[in-house]
$ cat my_file-v5.txt   # compact mmCIF, C-alpha atoms
# COMPACT_ATOMS: atom_id res chain seq x y z
CA MET A 5 9.93 49.86 -14.79
CA GLN A 6 7.93 53.03 -15.47
CA PHE A 7 5.63 53.34 -18.47
CA GLU A 8 3.96 56.37 -20.01
CA ASN A 9 0.61 54.76 -20.79
CA ILE A 10 0.17 51.87 -18.36
CA LYS A 11 0.95 50.79 -14.81
CA LEU A 12 2.60 47.45 -14.05
CA ASP A 13 2.53 45.87 -10.62
CA ILE A 14 3.64 42.41 -9.54
CA THR A 15 2.55 41.30 -6.08
CA ASP A 16 2.45 37.75 -4.72
CA GLN A 17 3.20 36.35 -8.19
CA VAL A 18 0.20 38.12 -9.75
CA ALA A 19 1.00 40.74 -12.39
CA THR A 20 -1.48 43.56 -12.97
CA ILE A 21 -1.35 45.75 -16.04
CA LYS A 22 -3.57 48.81 -15.72
CA LEU A 23 -4.27 50.87 -18.83
CA ASN A 24 -3.59 54.38 -17.58
CA LYS A 25 -5.07 57.08 -19.78
CA PRO A 26 -8.37 57.64 -17.93
CA GLU A 27 -8.87 61.08 -19.47
CA ARG A 28 -9.06 59.30 -22.85
CA LEU A 29 -11.11 56.37 -21.48
CA ASN A 30 -7.87 54.39 -21.86
CA ALA A 31 -8.04 54.58 -25.65
CA CYS A 32 -5.18 52.45 -26.93
CA SER A 33 -2.60 54.52 -28.77
CA LEU A 34 0.32 52.94 -30.56
CA GLY A 35 2.39 53.92 -27.53
CA MET A 36 0.02 52.12 -25.17
CA ALA A 37 0.08 48.99 -27.35
CA ASP A 38 3.87 49.09 -27.31
CA ASP A 39 3.96 49.62 -23.54
CA ILE A 40 1.78 46.56 -22.95
CA PHE A 41 3.93 44.55 -25.36
CA ILE A 42 7.09 45.49 -23.45
CA ALA A 43 5.44 44.90 -20.07
CA LEU A 44 4.61 41.32 -21.08
CA ASP A 45 8.36 40.68 -21.18
CA LYS A 46 8.77 42.07 -17.64
CA LEU A 47 6.47 39.73 -15.74
CA ASP A 48 9.40 38.01 -13.98
CA ASP A 49 8.06 35.38 -11.58
CA ALA A 50 4.36 36.21 -12.13
CA ARG A 51 2.14 33.15 -12.41
CA ALA A 52 -1.06 34.96 -13.44
CA LEU A 53 -1.86 38.24 -15.22
CA VAL A 54 -4.73 40.69 -14.70
CA ILE A 55 -5.43 43.47 -17.20
CA THR A 56 -7.82 46.28 -16.31
CA GLY A 57 -8.36 49.98 -16.90
CA GLU A 58 -7.86 53.06 -14.74
CA GLY A 59 -10.97 55.12 -14.06
CA ARG A 60 -14.38 54.48 -15.60
CA ALA A 61 -13.39 52.54 -18.73
CA PHE A 62 -11.49 49.46 -19.71
CA CYS A 63 -10.48 50.68 -23.17
CA ALA A 64 -12.42 52.83 -25.63
CA GLY A 65 -10.60 51.42 -28.67
CA ALA A 66 -7.72 52.75 -30.71
CA ASP A 67 -6.81 56.34 -29.88
CA LEU A 68 -7.58 58.21 -33.09
CA GLN A 69 -6.36 61.49 -31.61
CA ALA A 70 -3.02 60.38 -30.20
CA LYS A 71 -0.05 62.39 -31.38
CA ASN A 72 2.01 60.65 -34.07
CA ASP A 73 -0.51 57.83 -34.47
CA SER A 74 -1.36 56.91 -38.03
CA ALA A 75 -4.97 55.79 -37.56
CA LEU A 76 -6.32 58.81 -39.45
CA SER A 77 -3.87 58.57 -42.34
CA GLY A 78 -6.05 56.25 -44.41
CA GLY A 79 -6.04 52.54 -45.02
CA GLN A 80 -2.30 52.18 -45.39
CA GLY A 81 -1.75 53.90 -42.04
CA SER A 82 -4.21 51.58 -40.31
CA TYR A 83 -2.60 48.57 -42.00
CA ALA A 84 0.83 49.60 -40.73
CA ALA A 85 -0.46 50.33 -37.21
CA LEU A 86 -2.04 46.89 -36.98
CA ASN A 87 0.92 44.96 -38.37
CA GLN A 88 3.56 46.88 -36.41
CA HIS A 89 1.82 47.48 -33.08
CA TYR A 90 -1.59 45.97 -32.33
CA ASN A 91 -1.24 42.55 -33.98
CA PRO A 92 2.12 41.74 -32.34
CA LEU A 93 0.55 42.62 -28.99
CA MET A 94 -2.43 40.31 -29.54
CA LEU A 95 -0.15 37.45 -30.57
CA LYS A 96 2.07 37.95 -27.52
CA LEU A 97 -0.98 37.85 -25.24
CA ALA A 98 -2.09 34.62 -26.91
CA LYS A 99 1.32 32.99 -26.45
CA LEU A 100 1.84 33.79 -22.77
CA ASN A 101 2.59 30.74 -20.64
CA ILE A 102 0.57 32.00 -17.66
CA PRO A 103 -3.22 32.34 -17.32
CA THR A 104 -4.75 35.75 -18.00
CA ILE A 105 -7.75 37.62 -16.62
CA THR A 106 -9.32 40.83 -17.86
CA ALA A 107 -11.32 42.85 -15.34
CA VAL A 108 -13.56 44.90 -17.62
CA ASN A 109 -14.61 48.11 -15.89
CA GLY A 110 -16.81 50.09 -18.23
CA PRO A 111 -16.56 50.30 -22.04
CA ALA A 112 -14.48 47.80 -23.99
CA ALA A 113 -14.75 49.03 -27.56
CA GLY A 114 -12.90 48.39 -30.80
CA VAL A 115 -9.48 46.95 -30.20
CA GLY A 116 -10.23 47.35 -26.48
CA CYS A 117 -12.95 44.76 -26.93
CA SER A 118 -10.41 42.45 -28.57
CA ILE A 119 -7.98 42.88 -25.68
CA ALA A 120 -10.75 42.21 -23.16
CA LEU A 121 -11.82 39.01 -24.90
CA ALA A 122 -8.28 37.71 -25.50
CA SER A 123 -7.94 36.60 -21.88
CA ASP A 124 -8.66 33.18 -20.44
CA PHE A 125 -11.20 34.70 -18.05
CA ALA A 126 -12.99 37.94 -18.91
CA ILE A 127 -14.91 39.30 -15.93
CA ALA A 128 -17.13 42.34 -16.44
CA GLY A 129 -18.76 44.74 -14.05
CA LYS A 130 -22.47 45.33 -14.63
CA SER A 131 -21.78 48.79 -16.04
CA ALA A 132 -19.34 47.34 -18.60
CA TYR A 133 -20.20 46.77 -22.22
CA PHE A 134 -18.55 45.30 -25.30
CA LEU A 135 -18.76 47.17 -28.58
CA GLN A 136 -17.55 46.46 -32.08
CA ALA A 137 -17.74 50.12 -33.07
CA PHE A 138 -15.99 49.86 -36.42
CA VAL A 139 -19.08 49.89 -38.64
CA ASN A 140 -20.02 53.25 -37.15
CA ILE A 141 -16.87 54.84 -38.59
CA GLY A 142 -16.67 52.87 -41.84
CA LEU A 143 -13.99 50.42 -40.76
CA VAL A 144 -13.82 46.68 -40.07
CA PRO A 145 -13.17 44.81 -36.79
CA ASP A 146 -9.54 44.13 -35.97
CA GLY A 147 -7.38 42.88 -33.13
CA GLY A 148 -8.50 39.35 -33.97
CA ALA A 149 -12.18 40.14 -33.33
CA SER A 150 -13.52 38.32 -36.40
CA TRP A 151 -11.65 35.19 -35.30
CA MET A 152 -12.56 35.42 -31.59
CA LEU A 153 -16.20 36.40 -31.83
CA THR A 154 -17.27 33.63 -34.19
CA ARG A 155 -15.69 31.07 -31.88
CA LEU A 156 -17.02 32.60 -28.67
CA VAL A 157 -20.64 33.26 -29.64
CA GLY A 158 -21.16 31.81 -33.13
CA LYS A 159 -21.67 33.43 -36.53
CA ALA A 160 -25.13 34.92 -35.91
CA ARG A 161 -24.18 36.85 -32.79
CA ALA A 162 -20.75 37.77 -34.15
CA THR A 163 -22.52 39.17 -37.21
CA GLU A 164 -24.86 41.15 -34.94
CA MET A 165 -21.95 42.66 -33.04
CA MET A 166 -19.88 43.53 -36.10
CA LEU A 167 -22.48 44.62 -38.67
CA LEU A 168 -24.84 46.46 -36.31
CA GLY A 169 -22.23 47.93 -33.98
CA GLU A 170 -24.44 47.91 -30.89
CA LYS A 171 -23.36 47.69 -27.25
CA ILE A 172 -23.49 44.29 -25.55
CA PRO A 173 -23.92 44.89 -21.79
CA GLY A 174 -21.93 42.83 -19.32
CA GLU A 175 -24.86 40.69 -18.20
CA LYS A 176 -25.86 39.92 -21.79
CA ALA A 177 -22.25 39.11 -22.64
CA ALA A 178 -22.19 36.57 -19.81
CA ASP A 179 -25.51 35.07 -20.93
CA TRP A 180 -24.12 34.69 -24.45
CA GLY A 181 -20.96 33.01 -23.23
CA LEU A 182 -18.91 35.90 -24.61
CA ILE A 183 -17.23 36.32 -21.20
CA TYR A 184 -16.59 34.25 -18.07
CA LYS A 185 -18.94 36.14 -15.77
CA CYS A 186 -20.53 39.48 -14.89
CA VAL A 187 -20.46 40.80 -11.32
CA GLU A 188 -21.44 43.93 -9.44
CA ASP A 189 -19.11 46.82 -10.24
CA ALA A 190 -17.96 47.08 -6.63
CA ALA A 191 -16.98 43.41 -6.60
CA LEU A 192 -15.09 43.39 -9.91
CA MET A 193 -11.52 43.81 -8.72
CA ASP A 194 -11.98 41.53 -5.71
CA GLU A 195 -13.40 38.85 -8.00
CA ALA A 196 -10.47 39.22 -10.40
CA ALA A 197 -7.96 39.18 -7.53
CA MET A 198 -9.41 36.01 -6.01
CA LEU A 199 -9.34 34.22 -9.34
CA ALA A 200 -5.80 35.44 -10.07
CA LYS A 201 -4.64 34.22 -6.66
CA ARG A 202 -6.18 30.82 -7.31
CA LEU A 203 -4.55 30.53 -10.73
CA ALA A 204 -1.19 31.79 -9.43
CA SER A 205 -1.16 29.00 -6.87
CA GLY A 206 -1.82 26.36 -9.53
CA PRO A 207 0.54 24.17 -11.58
CA THR A 208 1.86 26.92 -13.83
CA VAL A 209 3.62 24.69 -16.36
CA ALA A 210 0.47 22.64 -16.88
CA LEU A 211 -1.71 25.74 -17.09
CA GLY A 212 0.54 27.20 -19.78
CA VAL A 213 0.32 24.00 -21.83
CA MET A 214 -3.46 24.01 -21.43
CA ARG A 215 -3.63 27.57 -22.81
CA GLN A 216 -1.74 26.60 -25.93
CA ASN A 217 -3.67 23.37 -26.45
CA LEU A 218 -7.00 25.16 -26.11
CA ALA A 219 -5.97 27.75 -28.68
CA ALA A 220 -4.64 25.14 -31.09
CA ALA A 221 -7.78 23.01 -30.74
CA LEU A 222 -9.79 25.75 -32.43
CA GLU A 223 -7.76 25.22 -35.58
CA SER A 224 -7.00 21.51 -35.76
CA ASP A 225 -8.52 18.06 -36.05
CA TYR A 226 -9.04 15.48 -33.31
CA ALA A 227 -5.97 13.43 -34.15
CA SER A 228 -3.73 16.50 -33.96
CA ALA A 229 -5.22 17.39 -30.59
CA LEU A 230 -4.36 13.94 -29.27
CA VAL A 231 -0.73 14.36 -30.37
CA ARG A 232 -0.50 17.80 -28.75
CA GLU A 233 -2.00 16.49 -25.52
CA ALA A 234 0.58 13.72 -25.36
CA GLU A 235 3.40 16.19 -25.99
CA GLY A 236 1.97 18.58 -23.43
CA GLN A 237 1.65 15.79 -20.89
CA ARG A 238 5.34 15.02 -21.35
CA ILE A 239 6.22 18.65 -20.60
CA ALA A 240 3.86 18.95 -17.63
CA GLY A 241 4.76 15.50 -16.34
CA ASP A 242 8.42 16.46 -16.00
CA SER A 243 7.60 19.51 -13.88
CA LYS A 244 8.18 19.71 -10.15
CA ASP A 245 4.52 20.58 -9.70
CA ALA A 246 3.45 17.29 -11.30
CA ARG A 247 5.62 15.39 -8.83
CA GLU A 248 4.15 17.43 -5.99
CA GLY A 249 0.65 16.69 -7.27
CA ALA A 250 1.33 12.95 -7.30
CA LEU A 251 2.90 13.00 -3.84
CA SER A 252 0.09 15.06 -2.34
CA PHE A 253 -2.46 12.66 -3.82
CA LEU A 254 -0.69 9.65 -2.31
CA GLN A 255 -0.26 11.45 1.00
CA LYS A 256 -3.88 12.65 0.97
CA ARG A 257 -3.04 16.33 1.40
CA LYS A 258 -3.54 19.53 -0.54
CA SER A 259 -0.98 20.19 -3.28
CA GLU A 260 1.47 23.05 -2.81
CA PHE A 261 2.43 24.08 -6.34
CA LYS A 262 5.46 26.32 -6.89
CA GLY A 263 5.00 27.04 -10.58
CA GLU A 264 8.01 24.94 -11.55
$ encode --input "my_file-v5.txt" --output "structure tokens"
Amino acid sequence: MQFENIKLDITDQVATIKLNKPERLNACSLGMADDIFIALDKLDDARALVITGEGRAFCAGADLQAKNDSALSGGQGSYAALNQHYNPLMLKLAKLNIPTITAVNGPAAGVGCSIALASDFAIAGKSAYFLQAFVNIGLVPDGGASWMLTRLVGKARATEMMLLGEKIPGEKAADWGLIYKCVEDAALMDEAAMLAKRLASGPTVALGVMRQNLAAALESDYASALVREAEGQRIAGDSKDAREGALSFLQKRKSEFKGE
């Protein structure tokens, strides 16, 4: 399927979504948000997802200059854009049943920062940076940033990012625990590909349950987590991969998971 604002490729059960407006530093228009949303329903047999940007940026934030976008039409326009386009995308990313990786090549600003941090594994090149730019234009963080940042790096550092609006370089982001790791720019895509291949060869049903349990654990008490784990174990335990895992253990060989 062809898209106007992104590229979608699925190879060896790894899906790659590439934001494809390099002349705009991959600024995320409403159309781009909608394209990503649609693409997430077209992953077919993919067992891992990589999101990255074309050119020298991951995503420079919402595209304030895109034709027909309502970002400059005042608060009501921004409210509608978030509720009708960006927020549904962020929720769909959160609810995917396969592991996700973001390969952050260059700036990840505004809602682009939110997309970058919404993955299970955010890997940044050394030239990358993360920026909550909203304060610089009189707006507030969105795309789930106020929820994610406080949980990833704590209130003090989240406050620094949001209220001061300063760039957080890739290496500093890794030191903070904001992202999974920072690597040399030239190694970024190879690093993401190796991790995606590893995840795509894993027990996909179990990995999907883990994603949901990790997300829910941020909002619930210990007793509720125990219940969810038991329910998740029932789902994973009935999978073909769980049977393969048990057999390979007994037979003292490496598991060959099929994602079923």
$ residues_around --input "my_file-v5.txt" --residues "Ala107 in chain A" --least-positions-apart "3" --cutoff "6 Å" --atoms "all atoms listed in the file" --output "JSON, numbers by chain"
{"A": [56, 127, 128]}
$ atom_distance --input "my_file-v5.txt" --atom1 "CA of Asp38 in chain A" --atom2 "CA of His89 in chain A"
6.3 Å
$ atom_distance --input "my_file-v5.txt" --atom1 "CA of Leu203 in chain A" --atom2 "CA of Asp146 in chain A"
29.1 Å
$ closest_residue --input "my_file-v5.txt" --among "A:Pro92, A:Gly59, A:Gly169, A:Pro111" --to "Leu34 in chain A" --atoms "all atoms listed in the file"
A:Pro92
$ closest_residue --input "my_file-v5.txt" --among "A:Leu192, A:Leu23, A:Ala66, A:Leu47" --to "Pro145 in chain A" --atoms "all atoms listed in the file"
A:Ala66
$ closest_atom_pairs --input "my_file-v5.txt" --of "range 242-261 of chain A" --to "range 211-218 of chain A" --cutoff "12 Å" --atoms "only C-alpha atoms" --output "JSON lines"
{"residue": "A:Ser243", "atom": "CA", "partner": "A:Leu211", "partner_atom": "CA", "distance": 11.7}
{"residue": "A:Asp245", "atom": "CA", "partner": "A:Leu211", "partner_atom": "CA", "distance": 11.0}
{"residue": "A:Ala246", "atom": "CA", "partner": "A:Leu211", "partner_atom": "CA", "distance": 11.5}
{"residue": "A:Phe261", "atom": "CA", "partner": "A:Leu211", "partner_atom": "CA", "distance": 11.6}
$ atom_distance --input "my_file-v5.txt" --atom1 "CA of Asn30 in chain A" --atom2 "CA of Ala64 in chain A"
6.1 Å
$ residues_around --input "my_file-v5.txt" --residues "Asp48 in chain A" --least-positions-apart "2" --cutoff "9 Å" --atoms "only C-alpha atoms" --output "list of chain:residue names"
A:Ile14, A:Gln17, A:Ala19, A:Asp45, A:Lys46, A:Ala50, A:Arg51
$ residues_around --input "my_file-v5.txt" --residues "Ala210 in chain A" --least-positions-apart "5" --cutoff "8 Å" --atoms "all atoms listed in the file" --output "mmCIF file with C-alpha atoms, keeping the file's coordinate frame"
data_model
loop_
_atom_site.group_PDB
_atom_site.id
_atom_site.type_symbol
_atom_site.label_atom_id
_atom_site.label_comp_id
_atom_site.auth_asym_id
_atom_site.auth_seq_id
_atom_site.Cartn_x
_atom_site.Cartn_y
_atom_site.Cartn_z
ATOM 1 C CA GLY A 236 1.970 18.580 -23.430
ATOM 2 C CA ILE A 239 6.220 18.650 -20.600
ATOM 3 C CA ALA A 240 3.860 18.950 -17.630
#
$ residues_around --input "my_file-v5.txt" --residues "Cys117 in chain A" --least-positions-apart "5" --cutoff "10 Å" --atoms "only C-alpha atoms" --output "number ranges by chain"
A: 62-65, 108, 111-112, 122, 133-137, 145-149
$ closest_residue --input "my_file-v5.txt" --among "A:Ala227, A:Ala113, A:Ala98, A:Leu121" --to "Tyr184 in chain A" --atoms "only C-alpha atoms"
A:Leu121
$ residues_around --input "my_file-v5.txt" --residues "Lys22 in chain A" --least-positions-apart "4" --cutoff "8 Å" --atoms "all atoms listed in the file" --output "list of chain:residue names"
A:Ile10, A:Lys11, A:Leu12, A:Ile55, A:Thr56, A:Gly57, A:Glu58
$ closest_residue --input "my_file-v5.txt" --among "A:Met36, A:Val54, A:Ser82, A:Phe7" --to "Asp194 in chain A" --atoms "all atoms listed in the file"
A:Val54
$ residues_near_point --input "my_file-v5.txt" --point "(6.4, 39.9, -24.0)" --cutoff "10 Å" --atoms "all atoms listed in the file" --output "list in words"
Ile40, Phe41, Ile42, Ala43, Leu44, Asp45, Lys46, Leu47, Pro92, Leu93, Leu95, Lys96, Leu97, Lys99 and Leu100 of chain A
